[in-house]
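Chemist: First the structure, which I've put down as structure tokens, then a few questions once you've had a look.
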Amino acid sequence: MKKIINYLFLCVISSVSAGAFAQAWPSRPIRFIAPFPPGGGTDLNARVIAPRLAAALGQQVIVENRAGAGGMVGTEFVAKSPPDGYNMVIATIGPISINPSLYAKMPYDPVKDLAPVTLTGEVPNGLVVHPTLPVKSIKELIALAKQRPRELNYGSSGNGAGDHLAGEMLNVMAGIRMTHVPYKGGAPAMVDLLAGNIQLIFATLATGIPYIKSGRVRALAMAAPTRFALLPDVPTVAESGVPGFAVVNWAGIFVAAGTPRPIIDRLNTEVVKALGAQDVKQKLLEMGLVAGSNTPEQFAAFIQSETVKWAKVIKDANIKLE
């Protein structure tokens, strides 16, 4: 009986301590990790959310870029940080739902080491090519790739990222063989595309829209299952002769596992509120991002379904890292 009373006492003390800690939070600036270089879709997403979150919490929310390994470097940093709500990451499909099926060993466990806060939305990708490449459609690209196996280089934001997987899926589904060139983010990949060092990328529209509109790159198709509102004349890959092709990139906010639930709930409330503001939605849309949000439980269920889906795709298509 004494052991039971002591256990209950400790539980009560622990609960009270967590509640008091959460009420005092935040008492200092919060670090918001964008695990890709500046200028990419994930970075821009974080920089739109950060000011709104800072105003709501009464503390600075400082966006910090920690790029590398297709987003895993920055994601690992938060996974291994103290569970106190002062470090969060805006992670994407690659380091959360794809990489567990591509890597035999990862530096963190997306389920055990991270706590989901909310989805922030979709990051649409468009297949864009350098204007000197003599193709104006997916069918023409496939025909050229079959004539020149392994000669066409496609860039990505890193091994295991959604744009990497999109390229590998196109290789498999179209029966072609393009060469993958990984970068530390979408922005560096775009720089090399503009310079003509690679021929194509599945660019986030946040990165690609300005160059598409200026004619510095040519948009052939959307990777998503539907067209994008700001580029209604650009068909999907599936519409263009590769039925069934669809890759939807997404991003969401995570904190270290073990972070007190009241802190997670507060973050969720304020981020969801920010993403629901019409001016924020419009600003993100103009950047090529589609805002969206959900509860921590809904986000966890979504992540699980995405992980299962991509595990099957990777296995069935025999996609492996080079």
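Every chain in the structure tokens has a letter given in the order shown (A, B, ...), and although residue numbers restart at 1 in each chain, ligands are simply numbered from 1 in the order shown.
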Extract, using only C-alpha atoms, all DNA, RNA and protein residues at most 9 Å from range 284-288 of chain A, discarding same-chain residues fewer than 3 positions from it, and format them as number ranges by chain.

Modeler: A: 41, 44-45, 48, 123-125, 204-210, 228-230, 279-281, 291

Chemist: Take the residues from that selection and write them out as an mmCIF file, in the first residue's frame, keeping N, CA and C atoms.

Modeler:
```
data_model
loop_
_atom_site.group_PDB
_atom_site.id
_atom_site.type_symbol
_atom_site.label_atom_id
_atom_site.label_comp_id
_atom_site.auth_asym_id
_atom_site.auth_seq_id
_atom_site.Cartn_x
_atom_site.Cartn_y
_atom_site.Cartn_z
ATOM 1 N N GLY A 41 11.231 25.703 -50.356
ATOM 2 C CA GLY A 41 9.849 25.733 -49.889
ATOM 3 C C GLY A 41 9.709 25.580 -48.393
ATOM 4 N N LEU A 44 10.862 28.806 -46.614
ATOM 5 C CA LEU A 44 9.881 29.877 -46.778
ATOM 6 C C LEU A 44 8.645 29.635 -45.919
ATOM 7 N N ASN A 45 8.236 28.368 -45.817
ATOM 8 C CA ASN A 45 7.099 28.002 -44.982
ATOM 9 C C ASN A 45 7.356 28.405 -43.529
ATOM 10 N N VAL A 48 7.232 32.243 -42.899
ATOM 11 C CA VAL A 48 5.897 32.840 -42.881
ATOM 12 C C VAL A 48 5.229 32.574 -41.527
ATOM 13 N N VAL A 123 3.625 20.828 -50.236
ATOM 14 C CA VAL A 123 4.658 21.572 -50.959
ATOM 15 C C VAL A 123 4.688 21.011 -52.379
ATOM 16 N N PRO A 124 3.835 21.523 -53.283
ATOM 17 C CA PRO A 124 3.741 20.956 -54.635
ATOM 18 C C PRO A 124 5.070 21.012 -55.389
ATOM 19 N N ASN A 125 5.353 19.934 -56.106
ATOM 20 C CA ASN A 125 6.557 19.865 -56.930
ATOM 21 C C ASN A 125 6.183 19.849 -58.405
ATOM 22 N N THR A 204 10.201 22.323 -55.870
ATOM 23 C CA THR A 204 9.046 22.859 -55.158
ATOM 24 C C THR A 204 8.652 24.139 -55.874
ATOM 25 N N LEU A 205 7.378 24.396 -55.973
ATOM 26 C CA LEU A 205 6.943 25.581 -56.700
ATOM 27 C C LEU A 205 7.372 26.859 -55.979
ATOM 28 N N ALA A 206 7.605 26.737 -54.655
ATOM 29 C CA ALA A 206 8.124 27.888 -53.921
ATOM 30 C C ALA A 206 9.466 28.325 -54.504
ATOM 31 N N THR A 207 10.245 27.348 -54.921
ATOM 32 C CA THR A 207 11.546 27.632 -55.527
ATOM 33 C C THR A 207 11.413 27.937 -57.008
ATOM 34 N N GLY A 208 10.489 27.234 -57.692
ATOM 35 C CA GLY A 208 10.456 27.277 -59.144
ATOM 36 C C GLY A 208 9.616 28.344 -59.807
ATOM 37 N N ILE A 209 8.529 28.789 -59.161
ATOM 38 C CA ILE A 209 7.594 29.712 -59.821
ATOM 39 C C ILE A 209 8.256 30.963 -60.394
ATOM 40 N N PRO A 210 9.125 31.658 -59.654
ATOM 41 C CA PRO A 210 9.728 32.872 -60.233
ATOM 42 C C PRO A 210 10.498 32.595 -61.522
ATOM 43 N N PHE A 228 -1.961 22.685 -60.295
ATOM 44 C CA PHE A 228 -1.779 23.721 -59.288
ATOM 45 C C PHE A 228 -2.482 24.996 -59.734
ATOM 46 N N ALA A 229 -3.174 25.652 -58.795
ATOM 47 C CA ALA A 229 -4.019 26.804 -59.130
ATOM 48 C C ALA A 229 -3.277 27.924 -59.848
ATOM 49 N N LEU A 230 -2.021 28.188 -59.475
ATOM 50 C CA LEU A 230 -1.287 29.291 -60.084
ATOM 51 C C LEU A 230 -0.648 28.929 -61.426
ATOM 52 N N ASP A 279 -4.673 35.905 -45.100
ATOM 53 C CA ASP A 279 -3.479 36.528 -45.681
ATOM 54 C C ASP A 279 -2.292 35.589 -45.681
ATOM 55 N N VAL A 280 -2.215 34.721 -44.656
ATOM 56 C CA VAL A 280 -1.138 33.726 -44.613
ATOM 57 C C VAL A 280 -1.346 32.686 -45.706
ATOM 58 N N LYS A 281 -2.574 32.213 -45.847
ATOM 59 C CA LYS A 281 -2.887 31.243 -46.909
ATOM 60 C C LYS A 281 -2.507 31.800 -48.277
ATOM 61 N N ALA A 291 -1.398 25.772 -47.734
ATOM 62 C CA ALA A 291 -1.505 25.679 -46.278
ATOM 63 C C ALA A 291 -2.498 24.606 -45.865
#
```

Chemist: Using only C-alpha atoms, which protein or nucleic acid residues come within 7 Å of range 297-308 of chain A? Drop anything in the same chain fewer than 3 positions from it, and give the result as a list in words.

Modeler: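 In the requested form, the answer reads Ser97, Ile98, Pro116, Thr118, Leu119, Asn294, Ala311 and Lys312 of chain A.
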
Chemist: How about saving the chosen residues, N, CA and C atoms kept, as a PDB file, in the first residue's frame?

Modeler:
```pdb
ATOM      1  N   SER A  97       8.844  10.019 -43.402  1.00  0.00           N
ATOM      2  CA  SER A  97       8.086   8.855 -43.888  1.00  0.00           C
ATOM      3  C   SER A  97       8.758   8.031 -44.979  1.00  0.00           C
ATOM      4  N   ILE A  98       9.743   8.604 -45.663  1.00  0.00           N
ATOM      5  CA  ILE A  98      10.397   7.869 -46.755  1.00  0.00           C
ATOM      6  C   ILE A  98      11.686   7.198 -46.296  1.00  0.00           C
ATOM      7  N   PRO A 116       4.757  14.851 -33.056  1.00  0.00           N
ATOM      8  CA  PRO A 116       4.118  15.694 -34.072  1.00  0.00           C
ATOM      9  C   PRO A 116       3.283  16.800 -33.445  1.00  0.00           C
ATOM     10  N   THR A 118       1.717  19.604 -35.810  1.00  0.00           N
ATOM     11  CA  THR A 118       0.685  19.775 -36.834  1.00  0.00           C
ATOM     12  C   THR A 118       1.289  19.718 -38.228  1.00  0.00           C
ATOM     13  N   LEU A 119       0.486  19.279 -39.166  1.00  0.00           N
ATOM     14  CA  LEU A 119       0.821  19.423 -40.580  1.00  0.00           C
ATOM     15  C   LEU A 119       0.773  20.909 -40.907  1.00  0.00           C
ATOM     16  N   ASN A 294      -3.737  20.217 -38.820  1.00  0.00           N
ATOM     17  CA  ASN A 294      -4.538  19.196 -38.155  1.00  0.00           C
ATOM     18  C   ASN A 294      -4.098  19.084 -36.691  1.00  0.00           C
ATOM     19  N   ALA A 311       6.672   2.792 -47.982  1.00  0.00           N
ATOM     20  CA  ALA A 311       7.416   1.537 -47.806  1.00  0.00           C
ATOM     21  C   ALA A 311       7.037   0.549 -48.905  1.00  0.00           C
ATOM     22  N   LYS A 312       5.736   0.494 -49.228  1.00  0.00           N
ATOM     23  CA  LYS A 312       5.272  -0.411 -50.282  1.00  0.00           C
ATOM     24  C   LYS A 312       5.769   0.045 -51.651  1.00  0.00           C
TER      25      LYS A 312
END
```

Chemist: Could you build a table of the residues in range 182-295 of chain A lying no more than 6 Å from range 31-40 of chain A, giving for each the nearest pair of atoms and their separation in Å rounded to one decimal place, using only C-alpha atoms, ordered by chain and ascending residue number, as CSV?

Modeler:
```
residue,atom,partner,partner_atom,distance
A:Gly185,CA,A:Phe36,CA,5.1
A:Gly186,CA,A:Gly40,CA,5.5
A:Ala187,CA,A:Gly40,CA,5.1
A:Thr207,CA,A:Gly40,CA,5.4
```

Chemist: For the selection just defined, write its residues with N, CA and C atoms to a file, as a JSON list (two decimals), in the first residue's frame.

Modeler:
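Result file again.json:
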```json
[["chain", "number", "residue", "atom", "x", "y", "z"],
["A", 185, "GLY", "N", 19.64, 20.82, -50.56],
["A", 185, "GLY", "CA", 18.33, 21.48, -50.54],
["A", 185, "GLY", "C", 17.87, 21.80, -51.94],
["A", 186, "GLY", "N", 16.60, 22.21, -52.06],
["A", 186, "GLY", "CA", 16.05, 22.53, -53.37],
["A", 186, "GLY", "C", 16.65, 23.77, -53.99],
["A", 187, "ALA", "N", 16.99, 24.76, -53.16],
["A", 187, "ALA", "CA", 17.55, 26.01, -53.69],
["A", 187, "ALA", "C", 18.90, 25.78, -54.38],
["A", 207, "THR", "N", 10.25, 27.35, -54.92],
["A", 207, "THR", "CA", 11.55, 27.63, -55.53],
["A", 207, "THR", "C", 11.41, 27.94, -57.01]]
```

Chemist: Excluding same-chain residues fewer than 2 positions from Pro131 in chain A, what lies within 8 Å of it counting only C-alpha atoms, as a list in words?

Modeler: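 Selected residues are Val129, Leu133, Pro134, Gly215, Arg216, Val217 and Arg218 of chain A.
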
Chemist: With C-alpha atoms retained, could you export that selection as a PDB file, in the first residue's frame?

Modeler:
```
ATOM      1  CA  VAL A 129      13.906  21.583 -67.196  1.00  0.00           C
ATOM      2  CA  LEU A 133      16.830  20.812 -73.205  1.00  0.00           C
ATOM      3  CA  PRO A 134      14.901  20.091 -76.420  1.00  0.00           C
ATOM      4  CA  GLY A 215      11.280  31.729 -68.671  1.00  0.00           C
ATOM      5  CA  ARG A 216      14.593  30.723 -67.107  1.00  0.00           C
ATOM      6  CA  VAL A 217      13.222  27.187 -66.672  1.00  0.00           C
ATOM      7  CA  ARG A 218      10.446  25.330 -68.477  1.00  0.00           C
TER       8      ARG A 218
END
```

Chemist: Between A:Gln199, A:Ser101, A:Thr179, A:Gln60, which one has atoms that come closest to Leu127 in chain A, using only C-alpha atoms?

Modeler: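 Among the listed residues, A:Gln199 lies closest to Leu127 in chain A.
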
Chemist: What does the distance from CA of Arg227 in chain A to CA of Ile212 in chain A come to in Å, to one decimal?

Modeler: 15.2 Å

Chemist: Nearest to Pro182 in chain A among A:Arg266, A:His164, A:Lys213, A:Lys273, with distances taken over only C-alpha atoms: which residue is it?

Modeler: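 Nearest candidate to Pro182 in chain A out of A:Arg266, A:His164, A:Lys213, A:Lys273: A:His164.
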
Chemist: Within 12 Å of range 108-114 of chain A, which residues of range 161-254 of chain A come that close, and what is the closest atom pair and distance in Å for each? Count only C-alpha atoms and give it as a Markdown table.

Modeler:
```
| residue | atom | partner | partner_atom | distance |
| --- | --- | --- | --- | --- |
| A:Gly252 | CA | A:Leu114 | CA | 11.7 |
| A:Ile253 | CA | A:Leu114 | CA | 9.8 |
| A:Phe254 | CA | A:Leu114 | CA | 6.2 |
```

Chemist: Of the residues A:Ala246, A:Ala79, A:Glu140, A:Ser293, which is the one nearest to Val272 in chain A, using only C-alpha atoms?

Modeler: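 Counting only C-alpha atoms, the residue closest to Val272 in chain A is A:Ser293.
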
Chemist: In Å, rounded to a single decimal, give me how far CA of Leu57 in chain A is from CA of Ser27 in chain A.

Modeler: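 Calculated distance between CA of Ser27 in chain A and CA of Leu57 in chain A is 9.4 Å.
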
Chemist: Show which residues sit within 10 Å of range 165-169 of chain A, as a VMD selection string. Count only C-alpha atoms, and ignore same-chain residues fewer than 3 positions away.

Modeler: chain A and resid 94 98 125 127 154 to 156 158 to 162 172 to 180 200 to 202 223 to 224 245 to 249 310 313 to 314 317 to 321

Chemist: Could you tell me which of A:Val78, A:Leu141, A:Ile30, A:Ile93 comes closest to Gln59 in chain A if we count only C-alpha atoms?

Modeler: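 Using only C-alpha atoms, Gln59 in chain A sits closest to A:Ile30.
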